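Have a look at the structure below before the remarks.
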Amino acid sequence: PMFARRLVTPARTSFIRAFSTYPLARDFISSSLYHPGKGYFNSKEIITPSTPHSSLPHEHTINFSQLSGKESYLNTLSKLYRDTPDAWTTPVEIFSPHYANALAHYLIKKHIQNAASGPLRIFEFGGGLGTCAENVLSYIRDHHPAIYSQTYYTLIDISPRLSEKQSIRLREAHPACAPRISVRTHSALEWSEHIHGECFVIAMEVIDNMPHDKLVHTNHGIKQVHVRPAGSMFVEHYEDVTDPVIMRYLHLSSAWKRTHLSSAWNVARHLRQYVSRVTPSFEGMFGGTAVHQAEFIPTTCFMFFEMLARYMPHHHLLLADFDQLPDTIDAKSAHVKNSPVVQEKYATPTGHDTHAHSTYLVPMGSCDIFFPTDWHDLTAMYHSLHPSKPPKDTLAVKQAQFLKLYADWSQCTTRSGYNPLLQDYPNMSVLMS
């Protein structure tokens with residue numbers, strides 16, 4: 001059975017017809033972000049650099065010691081945003097090279113602790129403009145030249161535009177390492193090469209842009225959400241769960257969510273009885289289907305972790321991302337879990353400003369769509385897909401805690417003592433394995 005909910009959003013029927021069946025929510029979001037010609041990440045300059053480099057436009061340098069304090073720091077960031085039509089800044093760019101130096105410090109310490117005698121192999125997914133890779137390699141070169149001579153760095157990015165920038169940048173910055181640098185243009189999920197030895201995987205602000213599926217919990221059980229056009233609008237419609245990725249996720253998540261959230265399968269089994277008893281007035285709102293709860297689930301990240309387990313079984317993961325976000329599309333609803341922020345930049349007389357949309361069903365390529373991550377669930381999901389890795393060897397901490405340990409954070413202190421490296425981005429966490 002299928003149940004539709006109307007969302008007043010202009011339809012792009014040519015996009016929908018590209019699918020043999022109506023796309024799942026994750027496929028709809030994936031095309032909106034990553035379509036080769038029209039996707040958000042392939043049609044715009046979406047990252048603002050804040051460090052000088054000859055091959056990149058719109059560059060800025062932030063000298064934190066010259067800033068008076070928090071207000072002047074925020075004004076500096078505001079100017080970066082206003083001066084670029086589509087781009088956003090990231091901690092790697094804002095705090096270059098200090099943020100990436102902290103990552104490199106951690107990688108080297110781990111590599112030495114493991115008494116690794118072979119090469120240092122680093123795989124960075126979603127490398128942006130190449131800033132992180134350049135700075136990590138520079139830190140290793142300057143502090144550990146012997147390890148640098150045996151370092152292999154591979155970047156994997158779905159955007160041809162960004163891959164080209166990475167390749168140019170690293171060839172210029174690290175010509176001696178060029179034979180050991182590889183830039184690949186494809187999705188993380190398309191990785192198919194077995195890496196048998198120890199390696200490090202970096203993913204900075206990557207999983208927030210990994211498309212999610214949407215589930216609705218109804219009195220007819222759990223339904224997976226698809227998207228189809230209806231006249232001038234997009235509509236969601238609900239089908240029984242048949243997608244194998246969603247089914248794998250639900251099967252495994254029932255174990256780790258049992259002590260944190262309601263088990264998805266238990267909700268499905270008991271929801272009909274619950275809704276008929278507690279909320280009979282909802283019956284018939286959606287063609288006889290009462291929607292009790294909805295949630296976006298991280299199925300693409302789930303597949304990413306599956307890929308790591310299969311092809312890089314001896315990896316160490318270093319991942320940073322948002323643990324909460326304001327202005328999500330369902331921020332005022334307690335019945336929708338883990339909804340994304342859908343954000344668009346637009347021109348103003350004085351530069352550019354942002355607008356937060358109230359739906360993820362936006363025209364292809366128009367918006368950044370990014371999700372908060374439940375760090376408890378992320379860690380549990382990682383453990384369930386990597387059972388050979390002892391849980392004690394995986395650590396999730398707030399980003400500021402990680403940076404206090406591994407960054408030369410004094411380089412980012414303003415005159416007032418305010419330190420944005422440690423005090424900005426309080427809604428970010430780090431996962432280390």
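So you can find residues: chains in the structure tokens are A, B, ... in the order shown, residues in each start at 1, and ligands are numbered from 1 in order.
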
Can you list, as a ChimeraX atom specification, every protein, DNA or RNA residue that comes within 8 Å of stretch 121-126 of chain A when you count only C-alpha atoms, leaving out same-chain residues fewer than 4 positions away?
/A:133,151-158,188,198-204,206

Take the residues just selected and output them with N, CA and C atoms as an mmCIF file, in the first residue's frame.
```
data_model
loop_
_atom_site.group_PDB
_atom_site.id
_atom_site.type_symbol
_atom_site.label_atom_id
_atom_site.label_comp_id
_atom_site.auth_asym_id
_atom_site.auth_seq_id
_atom_site.Cartn_x
_atom_site.Cartn_y
_atom_site.Cartn_z
ATOM 1 N N ALA A 133 44.524 17.958 3.103
ATOM 2 C CA ALA A 133 45.592 17.098 2.597
ATOM 3 C C ALA A 133 46.915 17.847 2.526
ATOM 4 N N THR A 151 54.947 8.176 2.945
ATOM 5 C CA THR A 151 53.521 8.485 3.105
ATOM 6 C C THR A 151 52.815 8.429 1.756
ATOM 7 N N TYR A 152 51.706 7.728 1.736
ATOM 8 C CA TYR A 152 50.853 7.647 0.549
ATOM 9 C C TYR A 152 49.501 8.279 0.902
ATOM 10 N N TYR A 153 49.096 9.248 0.108
ATOM 11 C CA TYR A 153 47.871 9.999 0.419
ATOM 12 C C TYR A 153 46.910 9.875 -0.761
ATOM 13 N N THR A 154 45.708 9.382 -0.476
ATOM 14 C CA THR A 154 44.674 9.224 -1.510
ATOM 15 C C THR A 154 43.452 10.031 -1.126
ATOM 16 N N LEU A 155 42.994 10.867 -2.052
ATOM 17 C CA LEU A 155 41.762 11.621 -1.859
ATOM 18 C C LEU A 155 40.671 11.021 -2.730
ATOM 19 N N ILE A 156 39.481 10.893 -2.173
ATOM 20 C CA ILE A 156 38.327 10.370 -2.904
ATOM 21 C C ILE A 156 37.221 11.395 -2.803
ATOM 22 N N ASP A 157 36.783 11.925 -3.927
ATOM 23 C CA ASP A 157 35.745 12.954 -3.921
ATOM 24 C C ASP A 157 34.805 12.720 -5.080
ATOM 25 N N ILE A 158 33.531 12.870 -4.849
ATOM 26 C CA ILE A 158 32.530 12.632 -5.880
ATOM 27 C C ILE A 158 32.456 13.775 -6.885
ATOM 28 N N ALA A 188 32.287 7.561 -2.310
ATOM 29 C CA ALA A 188 32.928 6.693 -1.320
ATOM 30 C C ALA A 188 32.384 5.276 -1.402
ATOM 31 N N GLU A 198 47.514 -1.755 7.554
ATOM 32 C CA GLU A 198 47.030 -0.635 8.351
ATOM 33 C C GLU A 198 46.905 0.617 7.480
ATOM 34 N N CYS A 199 45.849 1.373 7.717
ATOM 35 C CA CYS A 199 45.678 2.644 7.019
ATOM 36 C C CYS A 199 44.826 3.565 7.881
ATOM 37 N N PHE A 200 44.814 4.827 7.516
ATOM 38 C CA PHE A 200 44.025 5.833 8.227
ATOM 39 C C PHE A 200 42.988 6.410 7.275
ATOM 40 N N VAL A 201 41.776 6.566 7.770
ATOM 41 C CA VAL A 201 40.678 7.131 6.986
ATOM 42 C C VAL A 201 40.243 8.434 7.638
ATOM 43 N N ILE A 202 40.264 9.508 6.856
ATOM 44 C CA ILE A 202 39.848 10.825 7.326
ATOM 45 C C ILE A 202 38.543 11.204 6.633
ATOM 46 N N ALA A 203 37.597 11.742 7.416
ATOM 47 C CA ALA A 203 36.341 12.246 6.853
ATOM 48 C C ALA A 203 35.912 13.456 7.680
ATOM 49 N N MET A 204 36.254 14.643 7.184
ATOM 50 C CA MET A 204 35.940 15.885 7.882
ATOM 51 C C MET A 204 34.692 16.520 7.273
ATOM 52 N N VAL A 206 31.886 15.213 6.346
ATOM 53 C CA VAL A 206 31.468 14.421 5.194
ATOM 54 C C VAL A 206 30.132 13.741 5.452
#
```

Shell of 6 Å around stretch 96-112 of chain A, only C-alpha atoms, local chain residues under 5 positions omitted, as an NGL selection string | :A and (132 or 135-136 or 406-407)

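Take the candidates A:Ile29, A:Leu319, A:Leu67, A:Met364 and check each one against A:Glu205 using only C-alpha atoms; the shortest distance goes to A:Leu319.
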
For A:Leu308, the closest of A:Asn42, A:Ser187, A:Ser192, A:Thr218 counting only C-alpha atoms is A:Ser192

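As for atom CA of A:Asp424 and atom CA of A:Ala400, they are spaced 8.7 Å apart.
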
Point to revise | Of the listed residues A:Thr300, A:Ser429, A:Ser32, A:Thr348, that which approaches A:Asp83 most closely, counting only C-alpha atoms | key: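 Checking each candidate against A:Asp83, we get A:Thr348 as the closest.
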
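The nearest approach to A:Ile246 among the residues A:Arg141, A:Arg26, A:Val336, A:Ser433, with only C-alpha atoms taken into account, belongs to A:Arg26.
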
Which residues in stretch 158-386 of chain A does DSSP call strand (DSSP E or B)? List them as a PyMOL selection string. chain A and resi 181-185+199-204+213-218+221-230+233-240+286+289+291-297+315-322+336-337+341-348+351-356+368-370

Exercise for review: To one decimal in Å, tell me the separation between atom CA of A:Arg169 and atom CA of A:Arg82.
Suggested key: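 Distance reported for this atom pair: 25.0 Å.
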
Show which residues sit within 10 Å of A:Asp327, as a ChimeraX atom specification. Count only C-alpha atoms, and ignore same-chain residues fewer than 6 positions away. /A:339-343,355-358

Backbone DSSP call of alpha helix (DSSP H) for stretch 161-248 of chain A, listed as a VMD selection string: chain A and resid 161 to 173 244 to 248

Could you turn the residues from that selection into a file that holds N, CA and C atoms, as a PDB file, in the first residue's frame?
```
ATOM      1  N   ARG A 161      34.904  18.764 -10.066  1.00  0.00           N
ATOM      2  CA  ARG A 161      35.383  20.128  -9.871  1.00  0.00           C
ATOM      3  C   ARG A 161      36.359  20.202  -8.693  1.00  0.00           C
ATOM      4  N   LEU A 162      35.980  19.579  -7.581  1.00  0.00           N
ATOM      5  CA  LEU A 162      36.843  19.609  -6.407  1.00  0.00           C
ATOM      6  C   LEU A 162      38.060  18.701  -6.574  1.00  0.00           C
ATOM      7  N   SER A 163      37.883  17.570  -7.236  1.00  0.00           N
ATOM      8  CA  SER A 163      39.022  16.673  -7.473  1.00  0.00           C
ATOM      9  C   SER A 163      40.109  17.369  -8.271  1.00  0.00           C
ATOM     10  N   GLU A 164      39.714  18.145  -9.263  1.00  0.00           N
ATOM     11  CA  GLU A 164      40.700  18.874 -10.064  1.00  0.00           C
ATOM     12  C   GLU A 164      41.461  19.879  -9.220  1.00  0.00           C
ATOM     13  N   LYS A 165      40.738  20.598  -8.360  1.00  0.00           N
ATOM     14  CA  LYS A 165      41.403  21.570  -7.482  1.00  0.00           C
ATOM     15  C   LYS A 165      42.381  20.871  -6.537  1.00  0.00           C
ATOM     16  N   GLN A 166      41.970  19.723  -5.996  1.00  0.00           N
ATOM     17  CA  GLN A 166      42.853  18.975  -5.104  1.00  0.00           C
ATOM     18  C   GLN A 166      44.124  18.554  -5.827  1.00  0.00           C
ATOM     19  N   SER A 167      43.967  18.033  -7.028  1.00  0.00           N
ATOM     20  CA  SER A 167      45.114  17.536  -7.778  1.00  0.00           C
ATOM     21  C   SER A 167      46.111  18.648  -8.075  1.00  0.00           C
ATOM     22  N   ILE A 168      45.609  19.791  -8.545  1.00  0.00           N
ATOM     23  CA  ILE A 168      46.488  20.924  -8.862  1.00  0.00           C
ATOM     24  C   ILE A 168      47.203  21.411  -7.612  1.00  0.00           C
ATOM     25  N   ARG A 169      46.434  21.550  -6.559  1.00  0.00           N
ATOM     26  CA  ARG A 169      46.996  22.094  -5.318  1.00  0.00           C
ATOM     27  C   ARG A 169      48.107  21.219  -4.762  1.00  0.00           C
ATOM     28  N   LEU A 170      47.874  19.922  -4.716  1.00  0.00           N
ATOM     29  CA  LEU A 170      48.863  19.036  -4.106  1.00  0.00           C
ATOM     30  C   LEU A 170      50.096  18.846  -4.981  1.00  0.00           C
ATOM     31  N   ARG A 171      49.913  18.887  -6.298  1.00  0.00           N
ATOM     32  CA  ARG A 171      51.086  18.816  -7.179  1.00  0.00           C
ATOM     33  C   ARG A 171      51.991  20.023  -6.954  1.00  0.00           C
ATOM     34  N   GLU A 172      51.390  21.193  -6.751  1.00  0.00           N
ATOM     35  CA  GLU A 172      52.182  22.402  -6.527  1.00  0.00           C
ATOM     36  C   GLU A 172      52.822  22.412  -5.142  1.00  0.00           C
ATOM     37  N   ALA A 173      52.055  21.986  -4.114  1.00  0.00           N
ATOM     38  CA  ALA A 173      52.541  22.094  -2.737  1.00  0.00           C
ATOM     39  C   ALA A 173      53.501  20.978  -2.360  1.00  0.00           C
ATOM     40  N   PRO A 244      16.811  -3.178   0.541  1.00  0.00           N
ATOM     41  CA  PRO A 244      17.728  -4.031   1.317  1.00  0.00           C
ATOM     42  C   PRO A 244      18.623  -3.250   2.271  1.00  0.00           C
ATOM     43  N   VAL A 245      19.003  -2.024   1.906  1.00  0.00           N
ATOM     44  CA  VAL A 245      19.858  -1.242   2.805  1.00  0.00           C
ATOM     45  C   VAL A 245      19.075  -0.838   4.049  1.00  0.00           C
ATOM     46  N   ILE A 246      17.856  -0.358   3.849  1.00  0.00           N
ATOM     47  CA  ILE A 246      17.019  -0.003   5.000  1.00  0.00           C
ATOM     48  C   ILE A 246      16.778  -1.219   5.873  1.00  0.00           C
ATOM     49  N   MET A 247      16.540  -2.361   5.250  1.00  0.00           N
ATOM     50  CA  MET A 247      16.280  -3.574   6.026  1.00  0.00           C
ATOM     51  C   MET A 247      17.505  -3.988   6.840  1.00  0.00           C
ATOM     52  N   ARG A 248      18.700  -3.879   6.236  1.00  0.00           N
ATOM     53  CA  ARG A 248      19.918  -4.213   6.985  1.00  0.00           C
ATOM     54  C   ARG A 248      20.099  -3.248   8.157  1.00  0.00           C
TER      55      ARG A 248
END
```

- Query: Hey, what's within 9 Å of stretch 332-335 of chain A if we count only C-alpha atoms and toss same-chain stuff fewer than 5 positions away? As a list in words, please?
  - Reply: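 These residues fall inside the cut-off: His292, Gln293, Ala294 and Glu295 of chain A.
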
So that I can see what lies close to A:Pro426, please list as a PDB file with C-alpha atoms, in the first residue's frame the residues with an atom at most 8 Å from it, counting only C-alpha atoms and leaving out residues fewer than 3 positions away in the same chain.
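Written output follows (result-v3.pdb):
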```pdb
ATOM      1  CA  LYS A 398      33.688  16.769  21.524  1.00  0.00           C
ATOM      2  CA  GLN A 399      35.823  18.491  18.903  1.00  0.00           C
ATOM      3  CA  ALA A 400      37.238  20.954  21.441  1.00  0.00           C
ATOM      4  CA  GLN A 423      35.190  27.808  21.470  1.00  0.00           C
TER       5      GLN A 423
END
```

What is the distance between atom CA of A:Cys177 and atom CA of A:Val92, in Å to one decimal?
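Calculated distance between atom CA of A:Cys177 and atom CA of A:Val92 is 21.4 Å.
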
Choose the residue, out of A:Leu403, A:Ile222, A:Ile369, A:Met381, that has the smallest atom-to-atom separation from A:Ser253; count only C-alpha atoms.
->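 Distance minimum relative to A:Ser253 lands on A:Met381.
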
Query raised in the report: Which residue out of A:Tyr22, A:Tyr425, A:Phe305, A:Tyr40 has the minimum interatomic distance to A:His237 when only C-alpha atoms are used?
Result: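 Nearest candidate to A:His237 out of A:Tyr22, A:Tyr425, A:Phe305, A:Tyr40: A:Tyr22.
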
For A:Gln411, find every residue with an atom within 10 Å (counting only C-alpha atoms), except residues of its own chain fewer than 6 positions away, and show them as a PDB file with all heavy atoms, in the first residue's frame.
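Done, and the output landed in around13.pdb:
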```
ATOM      1  N   ASN A  63      44.426  36.166  10.588  1.00  0.00           N
ATOM      2  CA  ASN A  63      45.479  36.276  11.597  1.00  0.00           C
ATOM      3  C   ASN A  63      44.784  36.464  12.942  1.00  0.00           C
ATOM      4  O   ASN A  63      44.367  37.563  13.296  1.00  0.00           O
ATOM      5  CB  ASN A  63      46.406  37.450  11.280  1.00  0.00           C
ATOM      6  CG  ASN A  63      47.624  37.467  12.193  1.00  0.00           C
ATOM      7  OD1 ASN A  63      47.562  36.997  13.328  1.00  0.00           O
ATOM      8  ND2 ASN A  63      48.724  38.020  11.699  1.00  0.00           N
ATOM      9  N   PHE A  64      44.651  35.392  13.684  1.00  0.00           N
ATOM     10  CA  PHE A  64      43.842  35.426  14.902  1.00  0.00           C
ATOM     11  C   PHE A  64      44.443  36.336  15.960  1.00  0.00           C
ATOM     12  O   PHE A  64      43.707  36.945  16.738  1.00  0.00           O
ATOM     13  CB  PHE A  64      43.672  34.005  15.451  1.00  0.00           C
ATOM     14  CG  PHE A  64      42.887  33.113  14.531  1.00  0.00           C
ATOM     15  CD1 PHE A  64      43.535  32.272  13.648  1.00  0.00           C
ATOM     16  CD2 PHE A  64      41.506  33.129  14.540  1.00  0.00           C
ATOM     17  CE1 PHE A  64      42.818  31.455  12.788  1.00  0.00           C
ATOM     18  CE2 PHE A  64      40.776  32.319  13.689  1.00  0.00           C
ATOM     19  CZ  PHE A  64      41.436  31.478  12.799  1.00  0.00           C
ATOM     20  N   SER A  65      45.754  36.450  16.014  1.00  0.00           N
ATOM     21  CA  SER A  65      46.390  37.282  17.043  1.00  0.00           C
ATOM     22  C   SER A  65      46.092  38.762  16.843  1.00  0.00           C
ATOM     23  O   SER A  65      46.244  39.563  17.774  1.00  0.00           O
ATOM     24  CB  SER A  65      47.905  37.050  17.047  1.00  0.00           C
ATOM     25  OG  SER A  65      48.484  37.487  15.826  1.00  0.00           O
ATOM     26  N   PHE A  95      40.645  27.556  10.129  1.00  0.00           N
ATOM     27  CA  PHE A  95      41.772  27.424  11.054  1.00  0.00           C
ATOM     28  C   PHE A  95      42.990  26.789  10.389  1.00  0.00           C
ATOM     29  O   PHE A  95      43.778  26.090  11.036  1.00  0.00           O
ATOM     30  CB  PHE A  95      41.344  26.603  12.277  1.00  0.00           C
ATOM     31  CG  PHE A  95      40.145  27.163  12.980  1.00  0.00           C
ATOM     32  CD1 PHE A  95      38.944  26.459  12.990  1.00  0.00           C
ATOM     33  CD2 PHE A  95      40.183  28.402  13.605  1.00  0.00           C
ATOM     34  CE1 PHE A  95      37.824  26.968  13.623  1.00  0.00           C
ATOM     35  CE2 PHE A  95      39.069  28.920  14.241  1.00  0.00           C
ATOM     36  CZ  PHE A  95      37.880  28.206  14.252  1.00  0.00           C
ATOM     37  N   PRO A  97      46.661  26.517   9.067  1.00  0.00           N
ATOM     38  CA  PRO A  97      46.851  25.065   8.969  1.00  0.00           C
ATOM     39  C   PRO A  97      46.619  24.330  10.291  1.00  0.00           C
ATOM     40  O   PRO A  97      46.849  23.137  10.386  1.00  0.00           O
ATOM     41  CB  PRO A  97      48.310  24.962   8.561  1.00  0.00           C
ATOM     42  CG  PRO A  97      48.966  26.069   9.338  1.00  0.00           C
ATOM     43  CD  PRO A  97      47.957  27.205   9.324  1.00  0.00           C
ATOM     44  N   HIS A  98      46.172  25.068  11.337  1.00  0.00           N
ATOM     45  CA  HIS A  98      46.211  24.537  12.703  1.00  0.00           C
ATOM     46  C   HIS A  98      45.280  23.338  12.894  1.00  0.00           C
ATOM     47  O   HIS A  98      45.627  22.399  13.616  1.00  0.00           O
ATOM     48  CB  HIS A  98      45.876  25.656  13.687  1.00  0.00           C
ATOM     49  CG  HIS A  98      46.595  26.931  13.393  1.00  0.00           C
ATOM     50  ND1 HIS A  98      47.975  27.043  13.497  1.00  0.00           N
ATOM     51  CD2 HIS A  98      46.146  28.148  12.956  1.00  0.00           C
ATOM     52  CE1 HIS A  98      48.340  28.272  13.156  1.00  0.00           C
ATOM     53  NE2 HIS A  98      47.250  28.951  12.817  1.00  0.00           N
ATOM     54  N   ASN A 419      39.273  32.054  22.017  1.00  0.00           N
ATOM     55  CA  ASN A 419      39.944  31.150  21.086  1.00  0.00           C
ATOM     56  C   ASN A 419      38.892  30.418  20.260  1.00  0.00           C
ATOM     57  O   ASN A 419      38.293  29.447  20.735  1.00  0.00           O
ATOM     58  CB  ASN A 419      40.816  30.140  21.839  1.00  0.00           C
ATOM     59  CG  ASN A 419      41.694  29.326  20.910  1.00  0.00           C
ATOM     60  OD1 ASN A 419      41.213  28.718  19.964  1.00  0.00           O
ATOM     61  ND2 ASN A 419      42.992  29.312  21.183  1.00  0.00           N
ATOM     62  N   LEU A 421      39.145  28.383  17.778  1.00  0.00           N
ATOM     63  CA  LEU A 421      39.441  26.981  17.475  1.00  0.00           C
ATOM     64  C   LEU A 421      38.823  26.067  18.532  1.00  0.00           C
ATOM     65  O   LEU A 421      38.317  24.988  18.214  1.00  0.00           O
ATOM     66  CB  LEU A 421      40.956  26.773  17.412  1.00  0.00           C
ATOM     67  CG  LEU A 421      41.429  25.349  17.109  1.00  0.00           C
ATOM     68  CD1 LEU A 421      41.064  24.940  15.684  1.00  0.00           C
ATOM     69  CD2 LEU A 421      42.931  25.210  17.329  1.00  0.00           C
TER      70      LEU A 421
END
```

Could you list, as a VMD selection string, every residue within 9 Å of A:Tyr148, counting only C-alpha atoms and ignoring same-chain residues fewer than 4 positions away? chain A and resid 119 to 120 137 to 138 140 to 144 152 177

Just N, CA and C atoms for this one: save the residues we selected as a compact mmCIF listing (two decimals), in the first residue's frame.
```txt
# COMPACT_ATOMS: atom_id res chain seq x y z
N PRO A 119 54.69 1.72 5.19
CA PRO A 119 54.32 3.09 4.84
C PRO A 119 53.10 3.57 5.60
N LEU A 120 52.98 4.88 5.68
CA LEU A 120 51.80 5.52 6.25
C LEU A 120 50.82 5.76 5.11
N LEU A 137 50.11 16.81 4.97
CA LEU A 137 51.39 16.42 4.36
C LEU A 137 52.51 17.38 4.75
N SER A 138 52.20 18.66 4.84
CA SER A 138 53.23 19.64 5.23
C SER A 138 53.69 19.40 6.66
N ILE A 140 53.67 16.53 8.30
CA ILE A 140 54.49 15.31 8.32
C ILE A 140 55.87 15.58 7.73
N ARG A 141 55.91 16.33 6.63
CA ARG A 141 57.19 16.67 6.00
C ARG A 141 58.08 17.45 6.97
N ASP A 142 57.50 18.42 7.68
CA ASP A 142 58.30 19.32 8.51
C ASP A 142 58.71 18.69 9.84
N HIS A 143 57.91 17.75 10.35
CA HIS A 143 58.18 17.20 11.68
C HIS A 143 58.65 15.73 11.65
N HIS A 144 58.34 15.03 10.57
CA HIS A 144 58.72 13.62 10.48
C HIS A 144 59.12 13.29 9.04
N TYR A 152 51.71 7.73 1.74
CA TYR A 152 50.85 7.65 0.55
C TYR A 152 49.50 8.28 0.90
N CYS A 177 56.29 14.51 -3.22
CA CYS A 177 55.38 13.43 -2.81
C CYS A 177 54.40 13.07 -3.91
```
